[in-house]
Amino acid sequence: MEIDRTRAAWPQIAAEITRRIESGTYPPGSKVPSVVQLAAEFDVANSTAQRAVEAVRAAGLTRAEKGMGTFVR
């Protein structure tokens, strides 16, 4: 996925993570890539990727386990 640099990146990344969950690319129980991995994939700052991950978690699609990562619900 190519980020549209004329718009905020984090909602675009959150939408892509959501799409991957809904399509089964990230099936229930699977680990979502780390913030560092997502930042590298989308060529954004870690803080931008973190905001996207938090948005997906706030939508109830993932859960975070301290020290373990973020997993699909």
# chains A, B, ... in the order shown; residues from 1 in each chain; ligands from 1
>>> residues_around(residues="Thr48 (chain A)", least_positions_apart="5", cutoff="12 Å", atoms="only C-alpha atoms", output="PDB file with N, CA, C and O atoms, in the first residue's frame")
ATOM      1  N   ALA A   8      -3.012  12.793   6.403  1.00  0.00           N
ATOM      2  CA  ALA A   8      -2.400  12.193   7.584  1.00  0.00           C
ATOM      3  C   ALA A   8      -2.167  10.702   7.340  1.00  0.00           C
ATOM      4  O   ALA A   8      -3.048  10.003   6.818  1.00  0.00           O
ATOM      5  N   ALA A   9      -0.995  10.219   7.702  1.00  0.00           N
ATOM      6  CA  ALA A   9      -0.626   8.831   7.422  1.00  0.00           C
ATOM      7  C   ALA A   9      -1.281   7.840   8.370  1.00  0.00           C
ATOM      8  O   ALA A   9      -1.666   6.743   7.956  1.00  0.00           O
ATOM      9  N   TRP A  10      -1.428   8.198   9.650  1.00  0.00           N
ATOM     10  CA  TRP A  10      -1.878   7.194  10.615  1.00  0.00           C
ATOM     11  C   TRP A  10      -3.266   6.636  10.311  1.00  0.00           C
ATOM     12  O   TRP A  10      -3.471   5.431  10.454  1.00  0.00           O
ATOM     13  N   PRO A  11      -4.261   7.451   9.855  1.00  0.00           N
ATOM     14  CA  PRO A  11      -5.556   6.847   9.545  1.00  0.00           C
ATOM     15  C   PRO A  11      -5.476   5.893   8.340  1.00  0.00           C
ATOM     16  O   PRO A  11      -6.198   4.899   8.279  1.00  0.00           O
ATOM     17  N   GLN A  12      -4.597   6.192   7.405  1.00  0.00           N
ATOM     18  CA  GLN A  12      -4.425   5.322   6.246  1.00  0.00           C
ATOM     19  C   GLN A  12      -3.831   3.981   6.661  1.00  0.00           C
ATOM     20  O   GLN A  12      -4.250   2.927   6.180  1.00  0.00           O
ATOM     21  N   ILE A  13      -2.869   4.031   7.572  1.00  0.00           N
ATOM     22  CA  ILE A  13      -2.241   2.801   8.068  1.00  0.00           C
ATOM     23  C   ILE A  13      -3.243   2.009   8.897  1.00  0.00           C
ATOM     24  O   ILE A  13      -3.346   0.789   8.763  1.00  0.00           O
ATOM     25  N   ALA A  14      -4.005   2.703   9.739  1.00  0.00           N
ATOM     26  CA  ALA A  14      -5.031   2.027  10.540  1.00  0.00           C
ATOM     27  C   ALA A  14      -6.041   1.341   9.629  1.00  0.00           C
ATOM     28  O   ALA A  14      -6.464   0.210   9.893  1.00  0.00           O
ATOM     29  N   VAL A  35       5.224  -2.040  15.926  1.00  0.00           N
ATOM     30  CA  VAL A  35       5.237  -0.632  15.516  1.00  0.00           C
ATOM     31  C   VAL A  35       6.462  -0.363  14.641  1.00  0.00           C
ATOM     32  O   VAL A  35       6.365   0.301  13.604  1.00  0.00           O
ATOM     33  N   VAL A  36       7.600  -0.897  15.028  1.00  0.00           N
ATOM     34  CA  VAL A  36       8.837  -0.692  14.262  1.00  0.00           C
ATOM     35  C   VAL A  36       8.703  -1.306  12.868  1.00  0.00           C
ATOM     36  O   VAL A  36       9.096  -0.694  11.869  1.00  0.00           O
ATOM     37  N   LEU A  38       5.882  -1.906  11.199  1.00  0.00           N
ATOM     38  CA  LEU A  38       4.907  -1.117  10.437  1.00  0.00           C
ATOM     39  C   LEU A  38       5.509   0.208   9.974  1.00  0.00           C
ATOM     40  O   LEU A  38       5.289   0.635   8.838  1.00  0.00           O
ATOM     41  N   ALA A  39       6.281   0.850  10.844  1.00  0.00           N
ATOM     42  CA  ALA A  39       6.925   2.114  10.480  1.00  0.00           C
ATOM     43  C   ALA A  39       7.862   1.915   9.297  1.00  0.00           C
ATOM     44  O   ALA A  39       7.884   2.730   8.365  1.00  0.00           O
ATOM     45  N   ALA A  40       8.606   0.819   9.305  1.00  0.00           N
ATOM     46  CA  ALA A  40       9.509   0.536   8.194  1.00  0.00           C
ATOM     47  C   ALA A  40       8.735   0.214   6.923  1.00  0.00           C
ATOM     48  O   ALA A  40       9.075   0.691   5.825  1.00  0.00           O
ATOM     49  N   PHE A  42       5.726   1.172   5.979  1.00  0.00           N
ATOM     50  CA  PHE A  42       5.033   2.324   5.414  1.00  0.00           C
ATOM     51  C   PHE A  42       5.905   3.568   5.325  1.00  0.00           C
ATOM     52  O   PHE A  42       5.443   4.626   4.905  1.00  0.00           O
ATOM     53  N   ASP A  43       7.166   3.459   5.741  1.00  0.00           N
ATOM     54  CA  ASP A  43       8.131   4.560   5.694  1.00  0.00           C
ATOM     55  C   ASP A  43       7.609   5.791   6.432  1.00  0.00           C
ATOM     56  O   ASP A  43       7.516   6.890   5.881  1.00  0.00           O
ATOM     57  N   VAL A  53      -1.796   1.850  15.299  1.00  0.00           N
ATOM     58  CA  VAL A  53      -2.041   0.630  16.078  1.00  0.00           C
ATOM     59  C   VAL A  53      -3.021   0.928  17.212  1.00  0.00           C
ATOM     60  O   VAL A  53      -3.929   0.134  17.484  1.00  0.00           O
ATOM     61  N   GLU A  54      -2.863   2.062  17.857  1.00  0.00           N
ATOM     62  CA  GLU A  54      -3.770   2.447  18.942  1.00  0.00           C
ATOM     63  C   GLU A  54      -5.192   2.663  18.421  1.00  0.00           C
ATOM     64  O   GLU A  54      -6.161   2.306  19.102  1.00  0.00           O
ATOM     65  N   ALA A  55      -5.326   3.216  17.229  1.00  0.00           N
ATOM     66  CA  ALA A  55      -6.659   3.434  16.647  1.00  0.00           C
ATOM     67  C   ALA A  55      -7.357   2.107  16.368  1.00  0.00           C
ATOM     68  O   ALA A  55      -8.553   1.959  16.624  1.00  0.00           O
TER      69      ALA A  55
END
>>> residues_around(residues="Ile21 (chain A)", least_positions_apart="4", cutoff="12 Å", atoms="only C-alpha atoms", output="PyMOL selection string")
chain A and resi 14-17+25-33+56-57+60-62+71-73
>>> select_by_dssp(residues="chain A", states="strand (DSSP E or B)", output="PyMOL selection string")
chain A and resi 31+62-65+69-72
>>> select_by_dssp(residues="region 17-73 of chain A", states="alpha helix (DSSP H)", output="PyMOL selection string")
chain A and resi 17-23+35-42+46-58
